[in-house]
$ cat target34.txt   # compact mmCIF, C-alpha atoms
# COMPACT_ATOMS: atom_id res chain seq x y z
CA MET A 1163 -12.42 -51.96 3.98
CA SER A 1164 -14.73 -49.18 2.81
CA LYS A 1165 -14.07 -45.77 1.27
CA ILE A 1166 -16.21 -43.38 3.32
CA VAL A 1167 -17.01 -39.70 2.86
CA ILE A 1168 -18.05 -38.32 6.26
CA ALA A 1169 -19.96 -35.04 6.33
CA LEU A 1170 -19.50 -33.48 9.74
CA GLY A 1171 -22.45 -31.44 11.04
CA GLY A 1172 -22.02 -27.92 12.33
CA ASN A 1173 -23.01 -28.99 15.86
CA ALA A 1174 -19.60 -30.67 16.16
CA LEU A 1175 -17.77 -27.36 15.59
CA GLY A 1176 -17.48 -24.62 18.18
CA THR A 1177 -18.37 -20.95 17.99
CA ASN A 1178 -14.75 -19.82 18.26
CA PRO A 1179 -11.31 -21.40 17.64
CA SER A 1180 -10.62 -22.44 21.26
CA ASP A 1181 -14.11 -23.92 21.74
CA GLN A 1182 -13.75 -25.71 18.41
CA LEU A 1183 -10.44 -27.32 19.38
CA THR A 1184 -12.04 -28.77 22.51
CA LYS A 1185 -15.01 -30.17 20.59
CA LEU A 1186 -12.81 -31.64 17.86
CA GLU A 1187 -11.03 -33.88 20.39
CA LYS A 1188 -14.31 -35.80 20.68
CA VAL A 1189 -14.76 -35.82 16.89
CA ALA A 1190 -11.23 -37.15 16.35
CA LYS A 1191 -11.69 -40.15 18.66
CA ILE A 1192 -14.78 -41.29 16.77
CA ILE A 1193 -13.25 -40.75 13.30
CA VAL A 1194 -10.02 -42.54 14.28
CA ASN A 1195 -12.08 -45.52 15.46
CA LEU A 1196 -13.38 -45.81 11.89
CA ILE A 1197 -9.87 -45.42 10.47
CA LYS A 1198 -8.54 -48.15 12.79
CA GLU A 1199 -11.07 -50.56 11.28
CA GLY A 1200 -9.25 -50.16 7.95
CA ASN A 1201 -11.60 -47.65 6.31
CA GLN A 1202 -10.36 -44.95 3.95
CA VAL A 1203 -11.81 -41.67 5.20
CA VAL A 1204 -12.52 -38.31 3.58
CA LEU A 1205 -13.91 -35.79 6.06
CA THR A 1206 -16.00 -32.76 5.06
CA HIS A 1207 -17.46 -30.04 7.28
CA GLY A 1208 -19.70 -26.97 7.38
CA ASN A 1209 -18.56 -23.35 7.88
CA GLY A 1210 -21.69 -21.17 8.08
CA PRO A 1211 -20.93 -19.42 11.39
CA GLN A 1212 -17.18 -19.27 10.75
CA VAL A 1213 -17.26 -17.74 7.26
CA GLY A 1214 -19.79 -15.18 8.48
CA GLN A 1215 -17.52 -14.22 11.38
CA ILE A 1216 -14.50 -13.88 9.09
CA ALA A 1217 -16.41 -11.79 6.54
CA LEU A 1218 -17.73 -9.51 9.29
CA ALA A 1219 -14.25 -9.04 10.80
CA MET A 1220 -12.77 -8.27 7.39
CA GLU A 1221 -15.48 -5.73 6.62
CA TYR A 1222 -15.03 -4.06 10.00
CA SER A 1223 -11.28 -3.71 9.56
CA ALA A 1224 -11.70 -2.41 6.00
CA VAL A 1225 -13.77 0.56 7.18
CA GLY A 1226 -12.04 1.14 10.51
CA GLU A 1227 -8.99 3.25 11.29
CA VAL A 1228 -6.53 0.63 10.01
CA LYS A 1229 -8.19 0.43 6.56
CA THR A 1230 -7.11 -3.07 5.60
CA PRO A 1231 -7.88 -4.13 2.00
CA PHE A 1232 -11.41 -5.36 1.28
CA MET A 1233 -11.58 -9.17 1.31
CA PRO A 1234 -13.97 -10.85 -1.17
CA PHE A 1235 -16.39 -13.42 0.25
CA ALA A 1236 -14.81 -16.35 -1.64
CA GLU A 1237 -11.47 -15.57 0.00
CA CYS A 1238 -13.21 -15.51 3.38
CA GLY A 1239 -14.50 -19.00 2.56
CA SER A 1240 -10.98 -20.20 1.81
CA MET A 1241 -9.80 -18.78 5.15
CA SER A 1242 -12.50 -20.74 6.98
CA GLN A 1243 -11.48 -23.92 5.13
CA GLY A 1244 -7.89 -23.32 6.18
CA TYR A 1245 -8.41 -22.74 9.87
CA ILE A 1246 -11.12 -25.38 10.38
CA GLY A 1247 -9.06 -27.84 8.33
CA TYR A 1248 -5.96 -27.05 10.37
CA GLN A 1249 -7.76 -27.77 13.65
CA LEU A 1250 -9.40 -30.95 12.33
CA GLN A 1251 -6.09 -32.10 10.90
CA GLN A 1252 -4.29 -31.47 14.18
CA ALA A 1253 -6.98 -33.19 16.26
CA LEU A 1254 -6.90 -36.27 13.99
CA GLN A 1255 -3.10 -36.39 13.91
CA ASP A 1256 -2.91 -36.18 17.71
CA GLU A 1257 -5.54 -38.89 18.18
CA MET A 1258 -3.90 -41.19 15.62
CA GLU A 1259 -0.61 -40.72 17.46
CA ARG A 1260 -2.28 -41.63 20.76
CA GLN A 1261 -3.87 -44.75 19.25
CA GLY A 1262 -0.80 -45.84 17.31
CA VAL A 1263 -2.33 -45.32 13.84
CA LYS A 1264 0.39 -44.63 11.28
CA LYS A 1265 -1.36 -42.52 8.66
CA ASP A 1266 -0.89 -39.07 7.20
CA CYS A 1267 -3.68 -36.46 7.27
CA VAL A 1268 -4.01 -33.41 5.02
CA THR A 1269 -6.46 -30.61 4.25
CA VAL A 1270 -7.21 -29.83 0.60
CA ILE A 1271 -8.44 -26.28 -0.01
CA THR A 1272 -11.27 -27.20 -2.36
CA GLN A 1273 -13.02 -25.24 -5.08
CA VAL A 1274 -16.48 -26.33 -6.24
CA LEU A 1275 -17.87 -25.31 -9.62
CA VAL A 1276 -21.35 -23.79 -9.73
CA ASP A 1277 -23.46 -22.39 -12.56
CA ALA A 1278 -23.31 -18.59 -12.76
CA ASN A 1279 -26.96 -18.68 -13.92
CA ASP A 1280 -28.16 -20.80 -10.99
CA GLU A 1281 -31.55 -19.51 -9.78
CA ALA A 1282 -30.14 -19.39 -6.24
CA PHE A 1283 -28.32 -16.15 -7.06
CA LYS A 1284 -31.72 -14.47 -7.46
CA ASN A 1285 -32.94 -15.72 -4.08
CA PRO A 1286 -30.31 -15.92 -1.29
CA THR A 1287 -31.34 -18.44 1.39
CA LYS A 1288 -28.20 -19.69 3.19
CA PRO A 1289 -27.80 -18.17 6.70
CA ILE A 1290 -24.27 -17.18 7.72
CA GLY A 1291 -22.63 -15.39 10.60
CA ALA A 1292 -24.03 -13.91 13.79
CA PHE A 1293 -27.61 -13.30 14.94
CA TYR A 1294 -28.96 -9.75 15.02
CA THR A 1295 -32.08 -8.04 16.29
CA GLU A 1296 -34.57 -6.91 13.65
CA GLU A 1297 -33.49 -3.32 14.17
CA GLU A 1298 -29.79 -4.16 13.72
CA ALA A 1299 -30.54 -6.26 10.63
CA LEU A 1300 -32.54 -3.47 8.97
CA LYS A 1301 -29.73 -1.00 9.61
CA ILE A 1302 -27.09 -3.28 8.03
CA GLU A 1303 -29.39 -4.00 5.08
CA LYS A 1304 -29.63 -0.26 4.38
CA GLU A 1305 -25.88 0.31 4.81
CA LYS A 1306 -24.53 -2.70 2.91
CA GLY A 1307 -27.39 -4.01 0.80
CA TYR A 1308 -27.32 -7.44 2.45
CA LYS A 1309 -30.41 -9.60 2.84
CA PHE A 1310 -31.47 -10.80 6.31
CA VAL A 1311 -34.08 -13.36 7.38
CA SER A 1312 -35.48 -14.53 10.70
CA ASP A 1313 -33.68 -17.77 11.62
CA ALA A 1314 -35.23 -20.36 13.95
CA GLY A 1315 -36.72 -17.69 16.21
CA ARG A 1316 -33.28 -16.74 17.52
CA GLY A 1317 -32.91 -13.50 15.60
CA TYR A 1318 -31.97 -12.33 12.11
CA ARG A 1319 -29.04 -13.60 10.05
CA ARG A 1320 -27.53 -12.57 6.77
CA VAL A 1321 -28.34 -14.91 3.89
CA VAL A 1322 -26.28 -15.53 0.74
CA PRO A 1323 -26.99 -17.61 -2.38
CA SER A 1324 -26.66 -21.41 -2.11
CA PRO A 1325 -26.17 -22.74 -5.68
CA ILE A 1326 -26.08 -26.42 -6.65
CA PRO A 1327 -22.56 -27.91 -6.86
CA LYS A 1328 -21.64 -29.12 -10.36
CA ASP A 1329 -18.04 -30.33 -10.10
CA ILE A 1330 -15.25 -30.73 -7.54
CA ILE A 1331 -12.23 -29.00 -9.04
CA GLU A 1332 -9.65 -30.87 -6.92
CA LYS A 1333 -11.36 -34.28 -7.15
CA ARG A 1334 -8.39 -36.00 -8.84
CA VAL A 1335 -5.97 -34.78 -6.18
CA ILE A 1336 -8.32 -35.99 -3.43
CA GLU A 1337 -8.71 -39.38 -5.12
CA LYS A 1338 -4.93 -39.79 -5.44
CA LEU A 1339 -4.42 -38.99 -1.77
CA VAL A 1340 -7.12 -41.45 -0.69
CA SER A 1341 -5.65 -44.18 -2.91
CA ASN A 1342 -2.37 -43.61 -1.05
CA ASP A 1343 -4.17 -44.19 2.28
CA VAL A 1344 -4.06 -40.53 3.36
CA VAL A 1345 -6.88 -39.22 5.58
CA VAL A 1346 -8.25 -36.23 3.65
CA ILE A 1347 -10.22 -33.18 4.81
CA ALA A 1348 -11.91 -31.56 1.79
CA VAL A 1349 -14.83 -29.46 0.46
CA GLY A 1350 -14.90 -27.50 3.73
CA GLY A 1351 -18.07 -25.46 4.03
CA GLY A 1352 -19.34 -27.06 0.83
CA GLY A 1353 -16.24 -25.85 -1.05
CA ILE A 1354 -15.27 -22.41 -2.31
CA PRO A 1355 -17.90 -21.57 -4.97
CA VAL A 1356 -16.33 -20.77 -8.33
CA ILE A 1357 -17.73 -20.10 -11.79
CA LYS A 1358 -16.15 -20.26 -15.23
CA THR A 1359 -15.79 -16.85 -16.83
CA ASP A 1360 -17.41 -16.32 -20.23
CA LYS A 1361 -14.34 -15.51 -22.29
CA LEU A 1362 -11.57 -17.92 -21.36
CA LYS A 1363 -13.48 -20.30 -19.10
CA LEU A 1364 -11.15 -19.43 -16.25
CA LEU A 1365 -12.22 -19.99 -12.65
CA GLU A 1366 -13.46 -17.09 -10.58
CA GLY A 1367 -14.71 -17.04 -6.97
CA ILE A 1368 -18.27 -15.90 -6.33
CA GLU A 1369 -20.22 -14.78 -3.27
CA ALA A 1370 -22.16 -17.83 -2.09
CA VAL A 1371 -22.13 -20.78 0.31
CA ILE A 1372 -22.79 -24.26 -1.09
CA ASP A 1373 -24.68 -26.81 1.02
CA LYS A 1374 -21.95 -29.01 2.45
CA ASP A 1375 -24.04 -32.18 2.29
CA LEU A 1376 -24.72 -31.73 -1.44
CA SER A 1377 -21.00 -31.12 -2.10
CA SER A 1378 -20.12 -34.13 0.05
CA ALA A 1379 -22.51 -36.29 -1.97
CA LEU A 1380 -20.98 -35.07 -5.22
CA LEU A 1381 -17.45 -35.72 -3.95
CA ALA A 1382 -18.47 -39.20 -2.76
CA LYS A 1383 -19.77 -40.00 -6.24
CA GLU A 1384 -16.71 -38.55 -8.00
CA ILE A 1385 -14.20 -40.58 -5.94
CA ASN A 1386 -16.40 -43.70 -6.06
CA ALA A 1387 -16.93 -43.89 -2.31
CA ASP A 1388 -18.71 -46.93 -0.89
CA ILE A 1389 -20.58 -44.96 1.75
CA LEU A 1390 -21.71 -41.39 2.34
CA LEU A 1391 -22.04 -40.87 6.09
CA ILE A 1392 -23.82 -37.67 7.12
CA LEU A 1393 -23.46 -36.82 10.81
CA THR A 1394 -26.01 -34.62 12.50
CA SER A 1395 -27.44 -33.95 15.96
CA ILE A 1396 -29.94 -36.85 16.05
CA ASP A 1397 -29.43 -40.61 15.97
CA LYS A 1398 -31.60 -41.26 12.90
CA VAL A 1399 -34.25 -39.78 10.59
CA TYR A 1400 -37.79 -39.58 11.97
CA LEU A 1401 -41.27 -39.18 10.55
CA ASN A 1402 -43.42 -36.77 12.60
CA PHE A 1403 -40.21 -35.62 14.24
CA ASN A 1404 -40.41 -34.23 17.77
CA THR A 1405 -44.04 -35.25 18.24
CA PRO A 1406 -45.57 -38.08 20.33
CA ASN A 1407 -46.11 -39.94 17.04
CA GLN A 1408 -42.54 -39.81 15.76
CA ILE A 1409 -41.33 -42.95 13.96
CA GLY A 1410 -37.64 -43.76 13.52
CA LEU A 1411 -36.54 -44.93 10.07
CA ASP A 1412 -33.87 -47.64 10.06
CA GLU A 1413 -33.71 -48.15 6.28
CA ILE A 1414 -35.48 -46.51 3.35
CA THR A 1415 -35.28 -46.91 -0.41
CA ILE A 1416 -34.94 -44.14 -2.97
CA GLU A 1417 -38.65 -44.45 -3.81
CA GLU A 1418 -39.68 -44.25 -0.15
CA ALA A 1419 -37.46 -41.21 0.46
CA LYS A 1420 -39.01 -39.40 -2.51
CA LYS A 1421 -42.50 -40.19 -1.22
CA TYR A 1422 -41.64 -38.74 2.19
CA ILE A 1423 -40.26 -35.60 0.54
CA LEU A 1424 -43.49 -35.14 -1.45
CA ASN A 1425 -45.43 -35.51 1.80
CA LYS A 1426 -43.23 -32.79 3.38
CA GLU A 1427 -42.04 -35.09 6.15
CA PHE A 1428 -38.64 -33.39 6.46
CA ALA A 1429 -37.93 -29.83 7.56
CA SER A 1430 -36.47 -27.70 4.75
CA GLY A 1431 -33.86 -26.07 6.97
CA SER A 1432 -32.50 -29.22 8.59
CA MET A 1433 -33.20 -32.79 7.46
CA LEU A 1434 -34.49 -32.21 3.91
CA PRO A 1435 -31.10 -31.14 2.41
CA LYS A 1436 -29.45 -34.18 4.01
CA ILE A 1437 -32.03 -36.57 2.53
CA LYS A 1438 -31.66 -34.93 -0.89
CA ALA A 1439 -27.87 -35.23 -0.69
CA CYS A 1440 -28.17 -38.91 0.16
CA LEU A 1441 -30.55 -39.45 -2.77
CA ASN A 1442 -28.11 -37.74 -5.14
CA PHE A 1443 -25.34 -40.07 -4.04
CA VAL A 1444 -27.33 -43.32 -3.99
CA GLU A 1445 -29.06 -42.68 -7.32
CA ASN A 1446 -25.77 -41.89 -9.05
CA SER A 1447 -23.62 -44.60 -7.46
CA ASN A 1448 -25.93 -47.41 -6.33
CA ASN A 1449 -24.02 -47.39 -3.04
CA LYS A 1450 -25.30 -46.62 0.46
CA ALA A 1451 -25.82 -43.43 2.44
CA ILE A 1452 -26.28 -43.24 6.21
CA ILE A 1453 -27.57 -40.43 8.44
CA THR A 1454 -26.84 -40.62 12.16
CA SER A 1455 -25.35 -38.67 15.06
CA LEU A 1456 -21.67 -38.05 15.67
CA GLU A 1457 -21.85 -40.21 18.80
CA GLN A 1458 -23.08 -43.18 16.74
CA ALA A 1459 -20.71 -42.69 13.79
CA ASP A 1460 -18.36 -45.59 14.54
CA LYS A 1461 -21.39 -47.91 14.98
CA ALA A 1462 -23.25 -46.61 11.93
CA PHE A 1463 -22.80 -49.83 9.96
CA LEU A 1464 -24.82 -51.89 12.46
CA SER A 1465 -28.36 -52.72 11.36
CA ASN A 1466 -30.14 -50.80 14.13
CA VAL A 1467 -28.03 -47.62 14.09
CA GLY A 1468 -28.85 -44.55 12.02
CA THR A 1469 -30.96 -44.39 8.86
CA LYS A 1470 -29.69 -46.17 5.74
CA ILE A 1471 -30.75 -44.92 2.32
CA ILE A 1472 -30.35 -47.65 -0.27
CA GLY A 1473 -31.05 -48.20 -3.97
CA GLY A 1474 -33.95 -50.21 -5.30
CA LYS A 1475 -37.65 -50.04 -4.59
$ encode --input "target34.txt" --output "structure tokens"
Amino acid sequence: MSKIVIALGGNALGTNPSDQLTKLEKVAKIIVNLIKEGNQVVLTHGNGPQVGQIALAMEYSAVGEVKTPFMPFAECGSMSQGYIGYQLQQALQDEMERQGVKKDCVTVITQVLVDANDEAFKNPTKPIGAFYTEEEALKIEKEKGYKFVSDAGRGYRRVVPSPIPKDIIEKRVIEKLVSNDVVVIAVGGGGIPVIKTDKLKLLEGIEAVIDKDLSSALLAKEINADILLILTSIDKVYLNFNTPNQIGLDEITIEEAKKYILNKEFASGSMLPKIKACLNFVENSNNKAIITSLEQADKAFLSNVGTKIIGGK
């Protein structure tokens, strides 16, 4: 039996609640296969599109005829954790019922501590929400002071800071639940970013989105997971990706991964953060990290499936 933290890629989530429910039926079958093998599972997920949609809806209603109260971005993040967690929880519970697995499943609304002086707050880079034309983006920038960037040639998206996660506030609760054989959904969207205030060191939400893979790696270390499993849209990590010369990597060491990073083998907006998250976990735990596709998740422990990142040289 292994304790596994599974970071679910955004491709597995839909663009709206009904679409998401349909997609999560597929996710649930694969995750329950891992649970049936006796593994203890903590599931994490992204929330970039969802938190952007919620924030936009809240802003629209705050300036419209109804004039609802303004909703801070951190609270929008907690809403996304709640509704995505609810749907994941329901999908897993239904699938466990169908397969005769007698386990409880729960979502933990998770806060993640970041440094208020993190350099990321000076340079927002994390895309959220919908795509806009350049003209629309410039108009919103002038009206609201947001920053927009061109994203993957599909249009312009709002970007917010993406600070480094320092601590999982609810880590002890999550660990207790896992030790009691509960399937846990946690650090949704990388967790709700919080800082400690100067005077009393109290927690306070802040406008940012934390990389969910980095938070997942930190959580995996904190609860002493055996494996960090990052699920994405491709079956394994490749050198020279998407070219005639691409080479699939079955297993790499920490040293090899760092060499590939120096050689800029991994795209900064896609695979690089996942590799860095795996390195953080492996270096701090001496356990194993795996990157593969959702479809291969329940076979990820076979020698020829996915990319394993291991300790040693």
$ atom_distance --input "target34.txt" --atom1 "CA of Ala1278 (chain A)" --atom2 "CA of Leu1381 (chain A)"
20.1 Å
$ residues_around --input "target34.txt" --residues "region 1321-1333 of chain A" --least-positions-apart "6" --cutoff "9 Å" --atoms "only C-alpha atoms" --output "PDB file with C-alpha atoms, keeping the file's coordinate frame"
ATOM      1  CA  VAL A1270      -7.210 -29.830   0.600  1.00  0.00           C
ATOM      2  CA  ILE A1271      -8.440 -26.280  -0.010  1.00  0.00           C
ATOM      3  CA  THR A1272     -11.270 -27.200  -2.360  1.00  0.00           C
ATOM      4  CA  GLN A1273     -13.020 -25.240  -5.080  1.00  0.00           C
ATOM      5  CA  VAL A1274     -16.480 -26.330  -6.240  1.00  0.00           C
ATOM      6  CA  LEU A1275     -17.870 -25.310  -9.620  1.00  0.00           C
ATOM      7  CA  VAL A1276     -21.350 -23.790  -9.730  1.00  0.00           C
ATOM      8  CA  ASP A1277     -23.460 -22.390 -12.560  1.00  0.00           C
ATOM      9  CA  ALA A1278     -23.310 -18.590 -12.760  1.00  0.00           C
ATOM     10  CA  ASP A1280     -28.160 -20.800 -10.990  1.00  0.00           C
ATOM     11  CA  GLU A1281     -31.550 -19.510  -9.780  1.00  0.00           C
ATOM     12  CA  ALA A1282     -30.140 -19.390  -6.240  1.00  0.00           C
ATOM     13  CA  PHE A1283     -28.320 -16.150  -7.060  1.00  0.00           C
ATOM     14  CA  LYS A1284     -31.720 -14.470  -7.460  1.00  0.00           C
ATOM     15  CA  ASN A1285     -32.940 -15.720  -4.080  1.00  0.00           C
ATOM     16  CA  PRO A1286     -30.310 -15.920  -1.290  1.00  0.00           C
ATOM     17  CA  THR A1287     -31.340 -18.440   1.390  1.00  0.00           C
ATOM     18  CA  LYS A1288     -28.200 -19.690   3.190  1.00  0.00           C
ATOM     19  CA  PRO A1289     -27.800 -18.170   6.700  1.00  0.00           C
ATOM     20  CA  ILE A1290     -24.270 -17.180   7.720  1.00  0.00           C
ATOM     21  CA  GLY A1291     -22.630 -15.390  10.600  1.00  0.00           C
ATOM     22  CA  TYR A1308     -27.320  -7.440   2.450  1.00  0.00           C
ATOM     23  CA  LYS A1309     -30.410  -9.600   2.840  1.00  0.00           C
ATOM     24  CA  PHE A1310     -31.470 -10.800   6.310  1.00  0.00           C
ATOM     25  CA  VAL A1311     -34.080 -13.360   7.380  1.00  0.00           C
ATOM     26  CA  VAL A1349     -14.830 -29.460   0.460  1.00  0.00           C
ATOM     27  CA  GLY A1352     -19.340 -27.060   0.830  1.00  0.00           C
ATOM     28  CA  GLY A1353     -16.240 -25.850  -1.050  1.00  0.00           C
ATOM     29  CA  PRO A1355     -17.900 -21.570  -4.970  1.00  0.00           C
ATOM     30  CA  GLU A1369     -20.220 -14.780  -3.270  1.00  0.00           C
ATOM     31  CA  ALA A1370     -22.160 -17.830  -2.090  1.00  0.00           C
ATOM     32  CA  VAL A1371     -22.130 -20.780   0.310  1.00  0.00           C
ATOM     33  CA  ILE A1372     -22.790 -24.260  -1.090  1.00  0.00           C
ATOM     34  CA  ASP A1373     -24.680 -26.810   1.020  1.00  0.00           C
ATOM     35  CA  LEU A1376     -24.720 -31.730  -1.440  1.00  0.00           C
ATOM     36  CA  SER A1377     -21.000 -31.120  -2.100  1.00  0.00           C
ATOM     37  CA  LEU A1380     -20.980 -35.070  -5.220  1.00  0.00           C
ATOM     38  CA  LEU A1381     -17.450 -35.720  -3.950  1.00  0.00           C
ATOM     39  CA  GLU A1384     -16.710 -38.550  -8.000  1.00  0.00           C
ATOM     40  CA  ILE A1385     -14.200 -40.580  -5.940  1.00  0.00           C
TER      41      ILE A1385
END
$ closest_residue --input "target34.txt" --among "A:Asp1412, A:Gln1215, A:Ile1423, A:Val1167" --to "Ser1465 (chain A)" --atoms "only C-alpha atoms"
A:Asp1412
$ atom_distance --input "target34.txt" --atom1 "CA of Thr1230 (chain A)" --atom2 "CA of Tyr1245 (chain A)"
20.2 Å
$ closest_atom_pairs --input "target34.txt" --of "region 1341-1433 of chain A" --to "region 1446-1452 of chain A" --cutoff "10 Å" --atoms "only C-alpha atoms" --output "JSON lines"
{"residue": "A:Ala1379", "atom": "CA", "partner": "A:Ala1451", "partner_atom": "CA", "distance": 9.0}
{"residue": "A:Leu1380", "atom": "CA", "partner": "A:Asn1446", "partner_atom": "CA", "distance": 9.2}
{"residue": "A:Ala1382", "atom": "CA", "partner": "A:Ser1447", "partner_atom": "CA", "distance": 8.8}
{"residue": "A:Lys1383", "atom": "CA", "partner": "A:Ser1447", "partner_atom": "CA", "distance": 6.1}
{"residue": "A:Glu1384", "atom": "CA", "partner": "A:Ser1447", "partner_atom": "CA", "distance": 9.2}
{"residue": "A:Asn1386", "atom": "CA", "partner": "A:Ser1447", "partner_atom": "CA", "distance": 7.4}
{"residue": "A:Ala1387", "atom": "CA", "partner": "A:Asn1449", "partner_atom": "CA", "distance": 7.9}
{"residue": "A:Asp1388", "atom": "CA", "partner": "A:Asn1449", "partner_atom": "CA", "distance": 5.7}
{"residue": "A:Ile1389", "atom": "CA", "partner": "A:Lys1450", "partner_atom": "CA", "distance": 5.2}
{"residue": "A:Leu1390", "atom": "CA", "partner": "A:Ala1451", "partner_atom": "CA", "distance": 4.6}
{"residue": "A:Leu1391", "atom": "CA", "partner": "A:Ile1452", "partner_atom": "CA", "distance": 4.9}
{"residue": "A:Ile1392", "atom": "CA", "partner": "A:Ile1452", "partner_atom": "CA", "distance": 6.2}
{"residue": "A:Leu1393", "atom": "CA", "partner": "A:Ile1452", "partner_atom": "CA", "distance": 8.4}
{"residue": "A:Lys1398", "atom": "CA", "partner": "A:Ile1452", "partner_atom": "CA", "distance": 8.8}
{"residue": "A:Val1399", "atom": "CA", "partner": "A:Ile1452", "partner_atom": "CA", "distance": 9.7}
{"residue": "A:Asp1412", "atom": "CA", "partner": "A:Ile1452", "partner_atom": "CA", "distance": 9.6}
{"residue": "A:Glu1413", "atom": "CA", "partner": "A:Ile1452", "partner_atom": "CA", "distance": 8.9}
$ residues_around --input "target34.txt" --residues "Ile1347 (chain A)" --least-positions-apart "3" --cutoff "8 Å" --atoms "only C-alpha atoms" --output "PyMOL selection string"
chain A and resi 1204-1206+1247+1250-1251+1267-1270+1350
$ atom_distance --input "target34.txt" --atom1 "CA of Val1356 (chain A)" --atom2 "CA of Lys1374 (chain A)"
14.7 Å
$ closest_residue --input "target34.txt" --among "A:Tyr1248, A:Tyr1222, A:Tyr1400, A:Phe1463" --to "Val1346 (chain A)" --atoms "all atoms listed in the file"
A:Tyr1248
$ decode --input "target34.txt" --residues "region 1302-1348 of chain A" --atoms "C-alpha atoms" --output "mmCIF file, in the first residue's frame"
data_model
loop_
_atom_site.group_PDB
_atom_site.id
_atom_site.type_symbol
_atom_site.label_atom_id
_atom_site.label_comp_id
_atom_site.auth_asym_id
_atom_site.auth_seq_id
_atom_site.Cartn_x
_atom_site.Cartn_y
_atom_site.Cartn_z
ATOM 1 C CA ILE A 1302 -10.366 46.199 -18.965
ATOM 2 C CA GLU A 1303 -6.778 47.100 -18.039
ATOM 3 C CA LYS A 1304 -7.694 50.790 -18.161
ATOM 4 C CA GLU A 1305 -10.948 50.306 -16.223
ATOM 5 C CA LYS A 1306 -9.751 47.927 -13.508
ATOM 6 C CA GLY A 1307 -5.967 48.116 -13.493
ATOM 7 C CA TYR A 1308 -5.560 44.405 -14.255
ATOM 8 C CA LYS A 1309 -2.612 43.019 -16.191
ATOM 9 C CA PHE A 1310 -3.221 40.953 -19.350
ATOM 10 C CA VAL A 1311 -0.842 38.856 -21.458
ATOM 11 C CA SER A 1312 -1.118 36.951 -24.720
ATOM 12 C CA ASP A 1313 -1.687 33.279 -23.859
ATOM 13 C CA ALA A 1314 -0.773 30.464 -26.263
ATOM 14 C CA GLY A 1315 -1.920 32.442 -29.292
ATOM 15 C CA ARG A 1316 -5.566 32.064 -28.281
ATOM 16 C CA GLY A 1317 -6.083 35.593 -27.017
ATOM 17 C CA TYR A 1318 -5.361 37.656 -23.913
ATOM 18 C CA ARG A 1319 -5.942 36.550 -20.323
ATOM 19 C CA ARG A 1320 -5.716 38.290 -17.000
ATOM 20 C CA VAL A 1321 -2.637 37.349 -14.971
ATOM 21 C CA VAL A 1322 -2.235 37.414 -11.183
ATOM 22 C CA PRO A 1323 0.794 36.768 -8.940
ATOM 23 C CA SER A 1324 1.894 33.151 -8.424
ATOM 24 C CA PRO A 1325 3.962 33.070 -5.193
ATOM 25 C CA ILE A 1326 5.869 30.037 -3.890
ATOM 26 C CA PRO A 1327 3.940 27.954 -1.319
ATOM 27 C CA LYS A 1328 5.612 27.864 2.111
ATOM 28 C CA ASP A 1329 3.265 25.851 4.325
ATOM 29 C CA ILE A 1330 -0.036 23.959 4.159
ATOM 30 C CA ILE A 1331 -2.165 25.370 6.974
ATOM 31 C CA GLU A 1332 -4.494 22.338 7.211
ATOM 32 C CA LYS A 1333 -1.752 19.705 6.788
ATOM 33 C CA ARG A 1334 -2.386 18.062 10.183
ATOM 34 C CA VAL A 1335 -6.100 17.690 9.481
ATOM 35 C CA ILE A 1336 -5.350 16.167 6.073
ATOM 36 C CA GLU A 1337 -2.814 13.762 7.586
ATOM 37 C CA LYS A 1338 -5.305 12.638 10.257
ATOM 38 C CA LEU A 1339 -7.967 11.972 7.645
ATOM 39 C CA VAL A 1340 -5.570 9.979 5.462
ATOM 40 C CA SER A 1341 -4.404 7.932 8.463
ATOM 41 C CA ASN A 1342 -8.074 7.052 9.010
ATOM 42 C CA ASP A 1343 -8.295 5.780 5.405
ATOM 43 C CA VAL A 1344 -10.393 8.703 4.141
ATOM 44 C CA VAL A 1345 -10.004 9.761 0.496
ATOM 45 C CA VAL A 1346 -9.120 13.466 0.710
ATOM 46 C CA ILE A 1347 -9.467 16.285 -1.836
ATOM 47 C CA ALA A 1348 -7.218 19.190 -0.798
#
